[in-house]
Amino acid sequence: MTDTLDAAADAGIAARLRAATDAAHQAAESTTYVTDLIAGKFAVEGYALLVTQHYFIYEILEEAAGAMRDDPVAGPFVADELTRLPALVEDLDYLRGPGWREESVAGAATEAYRQRLRQVCFTWPAGFVAHHYTRYLGDLSGGAVVAKAIRATYEFPAGRGTRFYEFDGIPSRGRFKREYRERLDALPLTPEEFDRMAGEAVVAFDLNRAVFTELAQAARPYPRRLGEPAG
């Protein structure tokens with residue numbers, strides 16, 4: 001971690017932010033829920049738990065995006081092609097049926113995440129960027145790995161069950177991520193404000209890890225058994 005930070009010390013904001021959050025990012029990605037999901041160890045119900053919690057998280061984050069759209073600092077990061085809530089609704093309609101809203105609740109860790117988003121993302125532009133970066137750049141990057149594993153495990157029909165991971169409005173993820181990092185580098189942040197934003201991004205990764213840890217317990221009753229149909 002120290003070597004990574006030293007290498008990024010003279011780099012732009014995007015590289016410095018990545019270095020500052022590397023340990024928290026790795027910790028979130030290595031939780032047992034994530035590794036078991038990628039390994040195909042859950043029945044479809046165990047995967048649907050994740051989609052449900054994502055819905056509750058993005059409900060607040062995308063409400064904040066609407067509030068921050070015209071902000072000079074946060075506004076450049078608000079892109080309609082990133083919006084995930086309609087895709088999550090499609091996935092949940094398919095995975096859980098039309099009554100899923102009435103049957104769904106946010107877990108304790110998800111509710112803590114939502115509360116933090118409410119506290120930070122509607123009033124502090126750089127804090128909104130920290131949470132936006134943590135979620136959407138991860139969706140565009142690591143999310144592709146998760147989606148591939150899910151499709152291989154459950155053999156969903158095309159366009160069903162994994163719409164969350166499909167960005168129809170982004171023809172080149174690589175170019176989009178490059179332009180996103182350029183926008184980060186253009187942020188007018190003092191060193192103190194950068195440190196505060198990086199600290200909030202670490203908080204965001206820790207909140208994600210807490211959600212995954214809670215999901216690991218919730219998914220235990222839904223193991224995928226040998227010989228079980230995939231979807």
# chains A, B, ... in the order shown; residues from 1 in each chain; ligands from 1
>>> closest_atom_pairs(of="segment 128-171 of chain A", to="segment 61-65 of chain A", cutoff="10 Å", atoms="only C-alpha atoms", output="JSON lines")
{"residue": "A:Phe128", "atom": "CA", "partner": "A:Ala64", "partner_atom": "CA", "distance": 7.7}
{"residue": "A:Val129", "atom": "CA", "partner": "A:Ala65", "partner_atom": "CA", "distance": 9.6}
{"residue": "A:His131", "atom": "CA", "partner": "A:Leu61", "partner_atom": "CA", "distance": 8.1}
{"residue": "A:His132", "atom": "CA", "partner": "A:Leu61", "partner_atom": "CA", "distance": 7.6}
{"residue": "A:Arg135", "atom": "CA", "partner": "A:Leu61", "partner_atom": "CA", "distance": 9.3}
>>> residues_around(residues="Tyr133 of chain A", least_positions_apart="3", cutoff="9 Å", atoms="only C-alpha atoms", output="list in words")
Phe77, Phe128, Val129, Ala130, Tyr136, Leu137, Gly138, Tyr180 and Ala201 of chain A
>>> atom_distance(atom1="atom CA of Gly169 of chain A", atom2="atom CA of Thr83 of chain A")
9.8 Å
>>> closest_residue(among="A:Val146, A:Ala79, A:Met197, A:Ala48", to="Ala218 of chain A", atoms="only C-alpha atoms")
A:Ala48
>>> residues_around(residues="Glu59 of chain A", least_positions_apart="3", cutoff="12 Å", atoms="only C-alpha atoms", output="list in words")
Thr52, Gln53, His54, Tyr55, Phe56, Glu62, Glu63, Ala64, Ala65, Gly66, Thr83, Arg84, Leu85, Pro86, Ala87, Leu88, Val89, Ala106, Thr110, Glu111, Tyr113, Arg114, Gln115, Leu117 and Arg118 of chain A
>>> decode(residues="segment 141-154 of chain A", atoms="all heavy atoms", output="PDB file, in the first residue's frame")
ATOM      1  N   SER A 141     -16.088  -1.755 -14.096  1.00  0.00           N
ATOM      2  CA  SER A 141     -14.857  -2.553 -14.109  1.00  0.00           C
ATOM      3  C   SER A 141     -15.115  -3.946 -13.540  1.00  0.00           C
ATOM      4  O   SER A 141     -15.405  -4.885 -14.283  1.00  0.00           O
ATOM      5  CB  SER A 141     -13.768  -1.829 -13.324  1.00  0.00           C
ATOM      6  OG  SER A 141     -13.507  -0.550 -13.873  1.00  0.00           O
ATOM      7  N   GLY A 142     -15.041  -4.083 -12.217  1.00  0.00           N
ATOM      8  CA  GLY A 142     -15.222  -5.386 -11.591  1.00  0.00           C
ATOM      9  C   GLY A 142     -16.595  -5.982 -11.813  1.00  0.00           C
ATOM     10  O   GLY A 142     -16.759  -7.202 -11.806  1.00  0.00           O
ATOM     11  N   GLY A 143     -17.581  -5.141 -12.042  1.00  0.00           N
ATOM     12  CA  GLY A 143     -18.927  -5.645 -12.274  1.00  0.00           C
ATOM     13  C   GLY A 143     -19.018  -6.553 -13.477  1.00  0.00           C
ATOM     14  O   GLY A 143     -19.832  -7.482 -13.521  1.00  0.00           O
ATOM     15  N   ALA A 144     -18.167  -6.307 -14.469  1.00  0.00           N
ATOM     16  CA  ALA A 144     -18.173  -7.153 -15.659  1.00  0.00           C
ATOM     17  C   ALA A 144     -17.758  -8.586 -15.323  1.00  0.00           C
ATOM     18  O   ALA A 144     -18.271  -9.553 -15.895  1.00  0.00           O
ATOM     19  CB  ALA A 144     -17.251  -6.567 -16.718  1.00  0.00           C
ATOM     20  N   VAL A 145     -16.837  -8.728 -14.371  1.00  0.00           N
ATOM     21  CA  VAL A 145     -16.395 -10.062 -13.937  1.00  0.00           C
ATOM     22  C   VAL A 145     -17.534 -10.778 -13.221  1.00  0.00           C
ATOM     23  O   VAL A 145     -17.788 -11.965 -13.454  1.00  0.00           O
ATOM     24  CB  VAL A 145     -15.167  -9.944 -13.015  1.00  0.00           C
ATOM     25  CG1 VAL A 145     -14.758 -11.310 -12.472  1.00  0.00           C
ATOM     26  CG2 VAL A 145     -14.006  -9.296 -13.757  1.00  0.00           C
ATOM     27  N   VAL A 146     -18.218 -10.061 -12.345  1.00  0.00           N
ATOM     28  CA  VAL A 146     -19.338 -10.637 -11.610  1.00  0.00           C
ATOM     29  C   VAL A 146     -20.444 -11.060 -12.581  1.00  0.00           C
ATOM     30  O   VAL A 146     -21.001 -12.158 -12.474  1.00  0.00           O
ATOM     31  CB  VAL A 146     -19.882  -9.633 -10.574  1.00  0.00           C
ATOM     32  CG1 VAL A 146     -21.127 -10.194  -9.877  1.00  0.00           C
ATOM     33  CG2 VAL A 146     -18.816  -9.291  -9.543  1.00  0.00           C
ATOM     34  N   ALA A 147     -20.747 -10.198 -13.535  1.00  0.00           N
ATOM     35  CA  ALA A 147     -21.810 -10.509 -14.497  1.00  0.00           C
ATOM     36  C   ALA A 147     -21.485 -11.763 -15.295  1.00  0.00           C
ATOM     37  O   ALA A 147     -22.360 -12.609 -15.529  1.00  0.00           O
ATOM     38  CB  ALA A 147     -22.012  -9.333 -15.441  1.00  0.00           C
ATOM     39  N   LYS A 148     -20.240 -11.899 -15.722  1.00  0.00           N
ATOM     40  CA  LYS A 148     -19.835 -13.084 -16.490  1.00  0.00           C
ATOM     41  C   LYS A 148     -20.031 -14.348 -15.672  1.00  0.00           C
ATOM     42  O   LYS A 148     -20.536 -15.366 -16.163  1.00  0.00           O
ATOM     43  CB  LYS A 148     -18.380 -12.948 -16.922  1.00  0.00           C
ATOM     44  CG  LYS A 148     -17.880 -14.097 -17.779  1.00  0.00           C
ATOM     45  CD  LYS A 148     -16.436 -13.875 -18.213  1.00  0.00           C
ATOM     46  CE  LYS A 148     -15.931 -15.031 -19.057  1.00  0.00           C
ATOM     47  NZ  LYS A 148     -14.505 -14.811 -19.471  1.00  0.00           N
ATOM     48  N   ALA A 149     -19.649 -14.292 -14.390  1.00  0.00           N
ATOM     49  CA  ALA A 149     -19.798 -15.457 -13.518  1.00  0.00           C
ATOM     50  C   ALA A 149     -21.271 -15.786 -13.294  1.00  0.00           C
ATOM     51  O   ALA A 149     -21.665 -16.957 -13.295  1.00  0.00           O
ATOM     52  CB  ALA A 149     -19.103 -15.193 -12.185  1.00  0.00           C
ATOM     53  N   ILE A 150     -22.086 -14.766 -13.105  1.00  0.00           N
ATOM     54  CA  ILE A 150     -23.515 -14.983 -12.868  1.00  0.00           C
ATOM     55  C   ILE A 150     -24.179 -15.616 -14.082  1.00  0.00           C
ATOM     56  O   ILE A 150     -24.961 -16.571 -13.970  1.00  0.00           O
ATOM     57  CB  ILE A 150     -24.197 -13.649 -12.492  1.00  0.00           C
ATOM     58  CG1 ILE A 150     -23.749 -13.209 -11.097  1.00  0.00           C
ATOM     59  CG2 ILE A 150     -25.721 -13.786 -12.550  1.00  0.00           C
ATOM     60  CD1 ILE A 150     -24.127 -11.792 -10.757  1.00  0.00           C
ATOM     61  N   ARG A 151     -23.861 -15.106 -15.265  1.00  0.00           N
ATOM     62  CA  ARG A 151     -24.463 -15.665 -16.481  1.00  0.00           C
ATOM     63  C   ARG A 151     -24.033 -17.120 -16.691  1.00  0.00           C
ATOM     64  O   ARG A 151     -24.826 -17.959 -17.129  1.00  0.00           O
ATOM     65  CB  ARG A 151     -24.098 -14.801 -17.685  1.00  0.00           C
ATOM     66  CG  ARG A 151     -24.874 -13.484 -17.731  1.00  0.00           C
ATOM     67  CD  ARG A 151     -24.722 -12.797 -19.078  1.00  0.00           C
ATOM     68  NE  ARG A 151     -23.376 -12.266 -19.263  1.00  0.00           N
ATOM     69  CZ  ARG A 151     -23.017 -11.024 -18.963  1.00  0.00           C
ATOM     70  NH1 ARG A 151     -23.915 -10.187 -18.456  1.00  0.00           N
ATOM     71  NH2 ARG A 151     -21.785 -10.614 -19.160  1.00  0.00           N
ATOM     72  N   ALA A 152     -22.773 -17.418 -16.362  1.00  0.00           N
ATOM     73  CA  ALA A 152     -22.300 -18.799 -16.508  1.00  0.00           C
ATOM     74  C   ALA A 152     -22.978 -19.730 -15.511  1.00  0.00           C
ATOM     75  O   ALA A 152     -23.282 -20.886 -15.824  1.00  0.00           O
ATOM     76  CB  ALA A 152     -20.785 -18.847 -16.310  1.00  0.00           C
ATOM     77  N   THR A 153     -23.242 -19.220 -14.316  1.00  0.00           N
ATOM     78  CA  THR A 153     -23.840 -20.040 -13.262  1.00  0.00           C
ATOM     79  C   THR A 153     -25.325 -20.289 -13.499  1.00  0.00           C
ATOM     80  O   THR A 153     -25.800 -21.426 -13.422  1.00  0.00           O
ATOM     81  CB  THR A 153     -23.651 -19.365 -11.891  1.00  0.00           C
ATOM     82  OG1 THR A 153     -22.257 -19.280 -11.602  1.00  0.00           O
ATOM     83  CG2 THR A 153     -24.350 -20.153 -10.783  1.00  0.00           C
ATOM     84  N   TYR A 154     -26.075 -19.229 -13.795  1.00  0.00           N
ATOM     85  CA  TYR A 154     -27.534 -19.342 -13.820  1.00  0.00           C
ATOM     86  C   TYR A 154     -28.120 -19.483 -15.219  1.00  0.00           C
ATOM     87  O   TYR A 154     -29.307 -19.786 -15.361  1.00  0.00           O
ATOM     88  CB  TYR A 154     -28.152 -18.126 -13.118  1.00  0.00           C
ATOM     89  CG  TYR A 154     -27.677 -17.981 -11.692  1.00  0.00           C
ATOM     90  CD1 TYR A 154     -26.881 -16.908 -11.308  1.00  0.00           C
ATOM     91  CD2 TYR A 154     -27.999 -18.937 -10.735  1.00  0.00           C
ATOM     92  CE1 TYR A 154     -26.431 -16.792 -10.001  1.00  0.00           C
ATOM     93  CE2 TYR A 154     -27.551 -18.827  -9.434  1.00  0.00           C
ATOM     94  CZ  TYR A 154     -26.765 -17.751  -9.074  1.00  0.00           C
ATOM     95  OH  TYR A 154     -26.309 -17.629  -7.788  1.00  0.00           O
TER      96      TYR A 154
END
